[in-house]
Structures are given as C-alpha cells and as structure tokens.
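**Q** Okay, so here is upload_0.txt, and as you'll see once you scroll down, it has compact mmCIF, N, CA and C atoms.
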# COMPACT_ATOMS: atom_id res chain seq x y z
N MET A 214 111.59 96.35 150.39
CA MET A 214 112.99 96.07 150.13
C MET A 214 113.39 96.72 148.80
N GLU A 215 114.54 97.35 148.79
CA GLU A 215 115.02 98.03 147.60
C GLU A 215 115.50 97.03 146.55
N SER A 216 115.17 97.32 145.29
CA SER A 216 115.57 96.46 144.18
C SER A 216 117.09 96.50 143.99
N LYS A 217 117.67 95.37 143.69
CA LYS A 217 119.10 95.28 143.40
C LYS A 217 119.33 95.71 141.96
N LYS A 218 120.54 96.17 141.68
CA LYS A 218 120.91 96.61 140.34
C LYS A 218 122.02 95.70 139.83
N VAL A 219 121.83 95.18 138.62
CA VAL A 219 122.81 94.29 138.01
C VAL A 219 123.16 94.84 136.63
N VAL A 220 124.45 94.94 136.36
CA VAL A 220 124.95 95.37 135.05
C VAL A 220 125.73 94.21 134.45
N VAL A 221 125.34 93.83 133.24
CA VAL A 221 125.98 92.71 132.54
C VAL A 221 126.51 93.24 131.21
N LEU A 222 127.76 92.94 130.91
CA LEU A 222 128.37 93.37 129.66
C LEU A 222 128.73 92.15 128.83
N ALA A 223 128.12 92.05 127.64
CA ALA A 223 128.41 90.95 126.70
C ALA A 223 129.50 91.41 125.75
N LEU A 224 130.65 90.78 125.84
CA LEU A 224 131.82 91.20 125.07
C LEU A 224 132.03 90.42 123.78
N HIS A 225 131.50 89.21 123.69
CA HIS A 225 131.77 88.34 122.54
C HIS A 225 130.50 87.69 122.04
N ASP A 226 130.56 87.18 120.80
CA ASP A 226 129.36 86.58 120.21
C ASP A 226 129.46 85.09 119.91
N GLU A 227 130.57 84.44 120.30
CA GLU A 227 130.65 83.01 120.10
C GLU A 227 129.59 82.33 120.97
N LEU A 228 129.16 81.16 120.55
CA LEU A 228 128.08 80.47 121.25
C LEU A 228 128.34 80.36 122.75
N GLU A 229 129.53 79.92 123.12
CA GLU A 229 129.82 79.72 124.54
C GLU A 229 129.96 81.03 125.31
N SER A 230 130.12 82.13 124.59
CA SER A 230 130.22 83.45 125.23
C SER A 230 128.90 84.19 125.26
N ALA A 231 127.95 83.77 124.44
CA ALA A 231 126.66 84.46 124.37
C ALA A 231 125.70 84.02 125.48
N TYR A 232 125.78 82.77 125.88
CA TYR A 232 124.87 82.27 126.92
C TYR A 232 125.06 82.91 128.29
N PRO A 233 126.29 83.00 128.81
CA PRO A 233 126.45 83.51 130.19
C PRO A 233 125.84 84.88 130.45
N PRO A 234 126.07 85.91 129.61
CA PRO A 234 125.46 87.21 129.95
C PRO A 234 123.94 87.17 129.91
N LEU A 235 123.39 86.41 128.97
CA LEU A 235 121.93 86.32 128.89
C LEU A 235 121.37 85.54 130.07
N ASN A 236 122.03 84.45 130.46
CA ASN A 236 121.56 83.68 131.61
C ASN A 236 121.61 84.51 132.89
N VAL A 237 122.68 85.25 133.09
CA VAL A 237 122.79 86.09 134.29
C VAL A 237 121.71 87.18 134.27
N ALA A 238 121.52 87.81 133.11
CA ALA A 238 120.51 88.87 133.01
C ALA A 238 119.11 88.33 133.31
N VAL A 239 118.76 87.19 132.74
CA VAL A 239 117.44 86.59 132.98
C VAL A 239 117.30 86.18 134.44
N GLY A 240 118.32 85.55 134.99
CA GLY A 240 118.26 85.14 136.40
C GLY A 240 118.13 86.32 137.34
N ALA A 241 118.88 87.38 137.07
CA ALA A 241 118.80 88.57 137.92
C ALA A 241 117.43 89.23 137.81
N ALA A 242 116.91 89.32 136.60
CA ALA A 242 115.58 89.91 136.41
C ALA A 242 114.52 89.06 137.11
N ALA A 243 114.67 87.74 137.04
CA ALA A 243 113.71 86.85 137.71
C ALA A 243 113.73 87.03 139.22
N SER A 244 114.86 87.47 139.76
CA SER A 244 114.94 87.69 141.21
C SER A 244 114.48 89.09 141.60
N GLY A 245 114.04 89.87 140.60
CA GLY A 245 113.52 91.20 140.89
C GLY A 245 114.51 92.33 140.72
N ALA A 246 115.70 92.04 140.23
CA ALA A 246 116.71 93.08 140.06
C ALA A 246 116.41 93.96 138.85
N ASP A 247 116.91 95.18 138.93
CA ASP A 247 116.90 96.10 137.80
C ASP A 247 118.14 95.74 136.98
N VAL A 248 117.96 95.30 135.72
CA VAL A 248 119.07 94.74 134.96
C VAL A 248 119.36 95.57 133.71
N ILE A 249 120.64 95.88 133.57
CA ILE A 249 121.17 96.53 132.36
C ILE A 249 122.01 95.48 131.65
N LEU A 250 121.71 95.24 130.38
CA LEU A 250 122.49 94.32 129.56
C LEU A 250 123.09 95.13 128.42
N ALA A 251 124.41 95.29 128.46
CA ALA A 251 125.11 96.09 127.47
C ALA A 251 125.94 95.17 126.57
N PHE A 252 126.06 95.57 125.31
CA PHE A 252 126.77 94.77 124.32
C PHE A 252 127.92 95.58 123.73
N SER A 253 129.09 94.96 123.67
CA SER A 253 130.25 95.60 123.06
C SER A 253 130.14 95.52 121.54
N ARG A 254 131.13 96.05 120.85
CA ARG A 254 131.15 96.01 119.38
C ARG A 254 131.08 94.58 118.86
N LYS A 255 131.72 93.65 119.52
CA LYS A 255 131.69 92.26 119.10
C LYS A 255 130.43 91.56 119.63
N GLY A 256 130.03 91.88 120.83
CA GLY A 256 128.87 91.25 121.43
C GLY A 256 127.55 91.68 120.82
N VAL A 257 127.52 92.84 120.15
CA VAL A 257 126.27 93.35 119.59
C VAL A 257 125.68 92.41 118.54
N ASN A 258 126.49 91.56 117.97
CA ASN A 258 125.97 90.61 116.98
C ASN A 258 124.87 89.73 117.57
N ILE A 259 124.89 89.51 118.86
CA ILE A 259 123.86 88.72 119.53
C ILE A 259 122.48 89.34 119.31
N LEU A 260 122.42 90.66 119.19
CA LEU A 260 121.15 91.36 118.98
C LEU A 260 120.68 91.36 117.53
N ASP A 261 121.53 90.96 116.62
CA ASP A 261 121.22 91.00 115.19
C ASP A 261 120.20 89.91 114.84
N ARG A 262 119.21 90.28 114.04
CA ARG A 262 118.20 89.31 113.60
C ARG A 262 118.83 88.12 112.87
N LYS A 263 119.94 88.35 112.19
CA LYS A 263 120.59 87.30 111.40
C LYS A 263 121.64 86.53 112.20
N TYR A 264 121.78 86.82 113.48
CA TYR A 264 122.80 86.16 114.29
C TYR A 264 122.60 84.66 114.35
N PHE A 265 123.65 83.95 114.04
CA PHE A 265 123.67 82.50 114.17
C PHE A 265 124.88 82.15 115.02
N PRO A 266 124.67 81.70 116.25
CA PRO A 266 125.80 81.46 117.15
C PRO A 266 126.65 80.27 116.70
N VAL A 267 127.94 80.51 116.62
CA VAL A 267 128.89 79.48 116.25
C VAL A 267 129.88 79.31 117.41
N PRO A 268 130.10 78.07 117.85
CA PRO A 268 131.06 77.87 118.94
C PRO A 268 132.49 78.07 118.45
N SER A 269 133.37 78.34 119.38
CA SER A 269 134.79 78.47 119.06
C SER A 269 135.35 77.13 118.58
N LYS A 270 136.44 77.20 117.86
CA LYS A 270 137.09 76.00 117.34
C LYS A 270 137.45 75.07 118.51
N GLY A 271 137.15 73.82 118.32
CA GLY A 271 137.46 72.82 119.33
C GLY A 271 136.28 72.44 120.21
N ILE A 272 135.23 73.24 120.18
CA ILE A 272 134.04 72.90 120.99
C ILE A 272 132.78 72.91 120.12
N GLU A 273 132.94 72.44 118.89
CA GLU A 273 131.80 72.39 117.97
C GLU A 273 130.67 71.51 118.49
N TYR A 274 130.99 70.55 119.37
CA TYR A 274 129.99 69.68 119.96
C TYR A 274 128.97 70.44 120.80
N LEU A 275 129.31 71.65 121.22
CA LEU A 275 128.46 72.41 122.14
C LEU A 275 127.07 72.68 121.57
N SER A 276 126.98 72.98 120.29
CA SER A 276 125.68 73.24 119.67
C SER A 276 124.74 72.06 119.84
N ASN A 277 125.24 70.87 119.52
CA ASN A 277 124.41 69.66 119.66
C ASN A 277 124.08 69.37 121.11
N ALA A 278 125.05 69.57 122.00
CA ALA A 278 124.82 69.31 123.42
C ALA A 278 123.72 70.21 123.97
N LEU A 279 123.76 71.49 123.62
CA LEU A 279 122.72 72.42 124.09
C LEU A 279 121.36 72.04 123.51
N ASN A 280 121.35 71.65 122.25
CA ASN A 280 120.10 71.23 121.61
C ASN A 280 119.56 69.96 122.27
N ASP A 281 120.43 68.99 122.51
CA ASP A 281 120.00 67.74 123.15
C ASP A 281 119.49 67.99 124.56
N PHE A 282 120.07 68.96 125.24
CA PHE A 282 119.67 69.30 126.60
C PHE A 282 118.34 70.06 126.62
N GLY A 283 117.95 70.62 125.48
CA GLY A 283 116.71 71.39 125.40
C GLY A 283 116.88 72.83 125.85
N ALA A 284 118.12 73.32 125.81
CA ALA A 284 118.38 74.71 126.23
C ALA A 284 117.72 75.68 125.26
N PRO A 285 117.21 76.79 125.77
CA PRO A 285 116.63 77.79 124.86
C PRO A 285 117.73 78.37 123.96
N SER A 286 117.32 78.82 122.79
CA SER A 286 118.28 79.44 121.88
C SER A 286 118.69 80.80 122.44
N ILE A 287 119.72 81.37 121.86
CA ILE A 287 120.17 82.70 122.26
C ILE A 287 119.05 83.71 122.07
N HIS A 288 118.37 83.65 120.94
CA HIS A 288 117.28 84.60 120.70
C HIS A 288 116.09 84.36 121.63
N GLU A 289 115.84 83.11 121.99
CA GLU A 289 114.78 82.84 122.97
C GLU A 289 115.13 83.43 124.33
N LEU A 290 116.39 83.29 124.74
CA LEU A 290 116.83 83.90 126.00
C LEU A 290 116.72 85.42 125.94
N LEU A 291 117.06 85.99 124.81
CA LEU A 291 116.94 87.43 124.63
C LEU A 291 115.47 87.86 124.73
N ASP A 292 114.58 87.08 124.14
CA ASP A 292 113.14 87.35 124.24
C ASP A 292 112.69 87.35 125.71
N ILE A 293 113.12 86.35 126.44
CA ILE A 293 112.77 86.24 127.86
C ILE A 293 113.30 87.45 128.63
N ALA A 294 114.55 87.82 128.36
CA ALA A 294 115.15 88.96 129.06
C ALA A 294 114.34 90.23 128.82
N VAL A 295 113.98 90.49 127.59
CA VAL A 295 113.22 91.70 127.26
C VAL A 295 111.84 91.65 127.92
N GLU A 296 111.19 90.50 127.87
CA GLU A 296 109.87 90.35 128.51
C GLU A 296 109.96 90.62 130.01
N MET A 297 111.11 90.33 130.62
CA MET A 297 111.28 90.53 132.07
C MET A 297 111.75 91.93 132.41
N GLY A 298 111.90 92.78 131.40
CA GLY A 298 112.25 94.17 131.67
C GLY A 298 113.73 94.51 131.63
N VAL A 299 114.56 93.58 131.17
CA VAL A 299 115.99 93.87 131.04
C VAL A 299 116.16 94.99 130.01
N ARG A 300 116.95 95.99 130.37
CA ARG A 300 117.20 97.12 129.46
C ARG A 300 118.45 96.86 128.63
N LEU A 301 118.36 97.11 127.33
CA LEU A 301 119.44 96.80 126.40
C LEU A 301 120.18 98.06 125.96
N TYR A 302 121.51 97.95 125.91
CA TYR A 302 122.37 99.05 125.49
C TYR A 302 123.48 98.53 124.59
N VAL A 303 123.91 99.37 123.68
CA VAL A 303 125.05 99.07 122.82
C VAL A 303 126.12 100.11 123.11
N VAL A 304 127.34 99.62 123.32
CA VAL A 304 128.44 100.47 123.77
C VAL A 304 129.33 100.92 122.62
N ASP A 305 129.57 102.25 122.57
CA ASP A 305 130.58 102.84 121.67
C ASP A 305 130.48 102.40 120.22
N MET A 306 129.30 102.46 119.66
CA MET A 306 129.15 102.00 118.29
C MET A 306 127.92 102.62 117.66
N ASP A 307 128.02 103.04 116.42
CA ASP A 307 126.86 103.51 115.69
C ASP A 307 126.22 102.29 115.04
N ILE A 308 125.10 101.87 115.57
CA ILE A 308 124.49 100.63 115.12
C ILE A 308 123.44 100.80 114.02
N HIS A 309 123.10 102.02 113.69
CA HIS A 309 122.02 102.23 112.74
C HIS A 309 122.26 101.59 111.38
N ASP A 310 123.48 101.57 110.91
CA ASP A 310 123.77 101.03 109.59
C ASP A 310 124.27 99.59 109.60
N LYS A 311 124.66 99.09 110.75
CA LYS A 311 125.40 97.84 110.80
C LYS A 311 124.62 96.64 111.31
N VAL A 312 123.64 96.85 112.15
CA VAL A 312 122.97 95.74 112.80
C VAL A 312 121.46 95.89 112.66
N ASN A 313 120.80 94.80 112.26
CA ASN A 313 119.35 94.76 112.20
C ASN A 313 118.86 94.18 113.53
N LEU A 314 118.60 95.07 114.49
CA LEU A 314 118.31 94.66 115.87
C LEU A 314 116.97 93.96 116.03
N LEU A 315 116.98 92.91 116.83
CA LEU A 315 115.73 92.25 117.23
C LEU A 315 114.91 93.15 118.14
N TYR A 316 115.59 93.87 119.02
CA TYR A 316 114.96 94.77 119.97
C TYR A 316 115.70 96.10 119.98
N PRO A 317 115.00 97.18 120.27
CA PRO A 317 115.69 98.46 120.35
C PRO A 317 116.71 98.45 121.49
N ALA A 318 117.83 99.08 121.23
CA ALA A 318 118.87 99.22 122.24
C ALA A 318 119.41 100.64 122.17
N GLU A 319 119.57 101.23 123.32
CA GLU A 319 120.10 102.59 123.37
C GLU A 319 121.62 102.56 123.20
N GLN A 320 122.14 103.49 122.43
CA GLN A 320 123.58 103.61 122.24
C GLN A 320 124.15 104.48 123.35
N VAL A 321 125.21 103.97 124.00
CA VAL A 321 125.84 104.69 125.10
C VAL A 321 127.36 104.53 125.01
N PRO A 322 128.11 105.49 125.57
CA PRO A 322 129.56 105.32 125.63
C PRO A 322 129.94 104.35 126.76
N ILE A 323 131.12 103.75 126.65
CA ILE A 323 131.58 102.83 127.69
C ILE A 323 131.64 103.52 129.04
N LYS A 324 131.91 104.81 129.04
CA LYS A 324 131.96 105.55 130.30
C LYS A 324 130.60 105.48 131.02
N TRP A 325 129.51 105.51 130.27
CA TRP A 325 128.18 105.40 130.87
C TRP A 325 128.04 104.05 131.58
N VAL A 326 128.46 102.98 130.90
CA VAL A 326 128.35 101.64 131.49
C VAL A 326 129.20 101.56 132.77
N LEU A 327 130.40 102.10 132.71
CA LEU A 327 131.27 102.07 133.89
C LEU A 327 130.69 102.88 135.04
N ASN A 328 130.04 103.99 134.73
CA ASN A 328 129.36 104.76 135.78
C ASN A 328 128.19 103.98 136.38
N GLU A 329 127.47 103.25 135.53
CA GLU A 329 126.35 102.43 136.03
C GLU A 329 126.85 101.29 136.91
N ASP A 330 127.98 100.70 136.53
CA ASP A 330 128.45 99.57 137.33
C ASP A 330 128.94 99.99 138.70
N VAL A 331 129.35 101.24 138.86
CA VAL A 331 129.77 101.73 140.18
C VAL A 331 128.62 101.67 141.17
N SER A 332 127.42 101.94 140.70
CA SER A 332 126.26 101.93 141.59
C SER A 332 125.52 100.59 141.60
N ALA A 333 126.07 99.60 140.88
CA ALA A 333 125.41 98.29 140.80
C ALA A 333 125.78 97.41 141.99
N ASP A 334 124.87 96.52 142.31
CA ASP A 334 125.16 95.51 143.33
C ASP A 334 126.01 94.39 142.74
N LEU A 335 125.89 94.21 141.43
CA LEU A 335 126.68 93.20 140.73
C LEU A 335 127.01 93.70 139.34
N PHE A 336 128.28 93.59 138.95
CA PHE A 336 128.72 93.90 137.60
C PHE A 336 129.51 92.70 137.09
N VAL A 337 129.08 92.14 135.95
CA VAL A 337 129.80 91.01 135.36
C VAL A 337 129.97 91.25 133.88
N HIS A 338 131.03 90.69 133.33
CA HIS A 338 131.23 90.76 131.89
C HIS A 338 131.74 89.42 131.41
N PHE A 339 131.32 89.08 130.20
CA PHE A 339 131.68 87.78 129.61
C PHE A 339 132.16 88.01 128.19
As structure tokens, what does this structure read like?
**A**
Amino acid sequence: MESKKVVVLALHDELESAYPPLNVAVGAAASGADVILAFSRKGVNILDRKYFPVPSKGIEYLSNALNDFGAPSIHELLDIAVEMGVRLYVVDMDIHDKVNLLYPAEQVPIKWVLNEDVSADLFVHF
C-alpha cells in the first residue's frame, strides 16, 4: 500500500495554536504517512529552543489544564514528531540569525509548500 502524504502548516505560536499542527503531524506519522511540517514566520517560534508557549488572553487556564491532564509539552511533541520522521520546514524566512532551532529545518518559499500540498492526501493549517 502506498504511503499517504500529509502537509501541516503551523501559522501561530500561541499555546492553543501550537498543539494542533504538532498533534496532527504526530498522528499522521504514527499512521505511516509521509509528513511535512512547515512553520510560518510566526509559527517558527515553536522551533526555538527558548520558546515558552503562552495562551491567548482569556484562556490562561489552558496551561494548567494541559499540565493537569498530563499532556506532553510542545517541545516533547516536537521531539516525538522528529523521532517519527516528520520533516521540518520554515517558510519565507531567513532563520539563521533569528531562531535558535531545536532541530534543523529547511528553508523554503511558500510556493514550495503550496506545490507540496497539491500532491498531498491531506493539507491542514492552524
């Protein structure tokens, strides 16, 4: 059976926006899919070693709820994704001077991501 292709685009770095792309990427990789996880200029902060996820105003309770639930941290989910073979990309940004990446990520133009999503079985963005 041919492997499915999944493209996930992380657009934001708030706590509630960081979990969905990572969860989808990990779930897709666990099902055997070839997964591309791309980060926008704002979403790339998730890859930064110094990233500390902060929820949006009005949902500050979310941090404690996730902790009480025993949910993995954003960086733990990123670790799992990389261990499962998820490929990381940063879109339209020179990251060499701005972000201290936890994992290497290839820099690509948004056009590349859009071309990849045309051939994907699933394309999602958060």
**Q** Applying 6 Å and all atoms listed in the file, which residues near Val219 (chain A) remain after dropping the ones on its own chain fewer than 2 positions away? List them as a list in words.
**A**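 Close residues of Val219 (chain A): Lys217, Val221, Ala246, Asp247, Val248, Ile249, Ala333, Asp334, Leu335 and Phe336 of chain A.
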**Q** Would you save the residues of that selection, restricted to N, CA and C atoms, as a PDB file, keeping the file's coordinate frame?
**A**
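Final output, saved to result_11.pdb:
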ATOM      1  N   LYS A 217     117.670  95.370 143.690  1.00  0.00           N
ATOM      2  CA  LYS A 217     119.100  95.280 143.400  1.00  0.00           C
ATOM      3  C   LYS A 217     119.330  95.710 141.960  1.00  0.00           C
ATOM      4  N   VAL A 221     125.340  93.830 133.240  1.00  0.00           N
ATOM      5  CA  VAL A 221     125.980  92.710 132.540  1.00  0.00           C
ATOM      6  C   VAL A 221     126.510  93.240 131.210  1.00  0.00           C
ATOM      7  N   ALA A 246     115.700  92.040 140.230  1.00  0.00           N
ATOM      8  CA  ALA A 246     116.710  93.080 140.060  1.00  0.00           C
ATOM      9  C   ALA A 246     116.410  93.960 138.850  1.00  0.00           C
ATOM     10  N   ASP A 247     116.910  95.180 138.930  1.00  0.00           N
ATOM     11  CA  ASP A 247     116.900  96.100 137.800  1.00  0.00           C
ATOM     12  C   ASP A 247     118.140  95.740 136.980  1.00  0.00           C
ATOM     13  N   VAL A 248     117.960  95.300 135.720  1.00  0.00           N
ATOM     14  CA  VAL A 248     119.070  94.740 134.960  1.00  0.00           C
ATOM     15  C   VAL A 248     119.360  95.570 133.710  1.00  0.00           C
ATOM     16  N   ILE A 249     120.640  95.880 133.570  1.00  0.00           N
ATOM     17  CA  ILE A 249     121.170  96.530 132.360  1.00  0.00           C
ATOM     18  C   ILE A 249     122.010  95.480 131.650  1.00  0.00           C
ATOM     19  N   ALA A 333     126.070  99.600 140.880  1.00  0.00           N
ATOM     20  CA  ALA A 333     125.410  98.290 140.800  1.00  0.00           C
ATOM     21  C   ALA A 333     125.780  97.410 141.990  1.00  0.00           C
ATOM     22  N   ASP A 334     124.870  96.520 142.310  1.00  0.00           N
ATOM     23  CA  ASP A 334     125.160  95.510 143.330  1.00  0.00           C
ATOM     24  C   ASP A 334     126.010  94.390 142.740  1.00  0.00           C
ATOM     25  N   LEU A 335     125.890  94.210 141.430  1.00  0.00           N
ATOM     26  CA  LEU A 335     126.680  93.200 140.730  1.00  0.00           C
ATOM     27  C   LEU A 335     127.010  93.700 139.340  1.00  0.00           C
ATOM     28  N   PHE A 336     128.280  93.590 138.950  1.00  0.00           N
ATOM     29  CA  PHE A 336     128.720  93.900 137.600  1.00  0.00           C
ATOM     30  C   PHE A 336     129.510  92.700 137.090  1.00  0.00           C
TER      31      PHE A 336
END
**Q** From the set A:Ser332, A:Asn277, A:Ser269, A:Asn313, which residue has the shortest atom-to-atom contact distance to Asp226 (chain A), counting all atoms listed in the file?
**A**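 Comparing A:Ser332, A:Asn277, A:Ser269, A:Asn313 against Asp226 (chain A), the winner is A:Ser269.
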**Q** Between A:Ile287, A:Ile272, A:Val304, A:Val295, which has the minimum distance to Val257 (chain A) (counting only N, CA and C atoms)?
**A**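 Among the listed residues, A:Val304 lies closest to Val257 (chain A).
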**Q** Could you work out how far CA of Arg254 (chain A) lies from atom N of Val321 (chain A), giving the answer in Å with one decimal?
**A**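 Taking atom N of Val321 (chain A) as the start and CA of Arg254 (chain A) as the end point, the length is 11.0 Å.
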**Q** One decimal, Å: what's the distance from CA of Pro233 (chain A) over to CA of Leu290 (chain A), could you say?
**A** 10.5 Å
**Q** Find the residue from A:Ala238, A:Leu315, A:Leu301, A:Leu291 that sits nearest to Leu260 (chain A); use only N, CA and C atoms when measuring.
**A**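 Of the candidates, the smallest distance to Leu260 (chain A) is held by A:Leu315.
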**Q** Report the distance between CA of Arg300 (chain A) and CA of Glu319 (chain A) in Å, rounded to one decimal place.
**A** 8.7 Å
**Q** (120.0, 93.0, 112.1) in this file's frame - what residues fall within 8 Å of it? Use all atoms listed in the file and give the answer as a PyMOL selection string.
**A** chain A and resi 260-264+311-315
**Q** Let me make sure I understand: among A:Ser216, A:Gly283, A:Gly240, A:Leu222, which one has the smallest atom-to-atom distance to Ile323 (chain A) if we use only C-alpha atoms?
**A**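 The shortest atom-to-atom distance to Ile323 (chain A) comes from A:Leu222.
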**Q** Give as a PyMOL selection string each residue that has an atom at most 8 Å from (129.7, 96.1, 122.5) in the file, counting all atoms listed in the file.
**A** chain A and resi 222-225+251-258+302-306
**Q** Please return, as number ranges by chain, all residues of chain A that DSSP assigns to strand (DSSP E or B) on the basis of the backbone.
**A** A: 218-223, 247-252, 261, 300-304, 314, 319-321, 335-338
**Q** Counting only C-alpha atoms, which residue out of A:Glu329, A:Ala294, A:Phe265, A:His338 sits closest to Ala242 (chain A)?
**A** A:Ala294
**Q** Given all atoms listed in the file as the basis, pick out the residue of A:Lys324, A:Ser244, A:Val239, A:Tyr316 nearest to Ile293 (chain A).
**A**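 Checking each candidate against Ile293 (chain A), we get A:Val239 as the closest.
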**Q** Report the residues of region 221-293 of chain A whose backbone DSSP state falls under alpha helix (DSSP H), written as a PyMOL selection string.
**A** chain A and resi 228-243+274-282+287-293
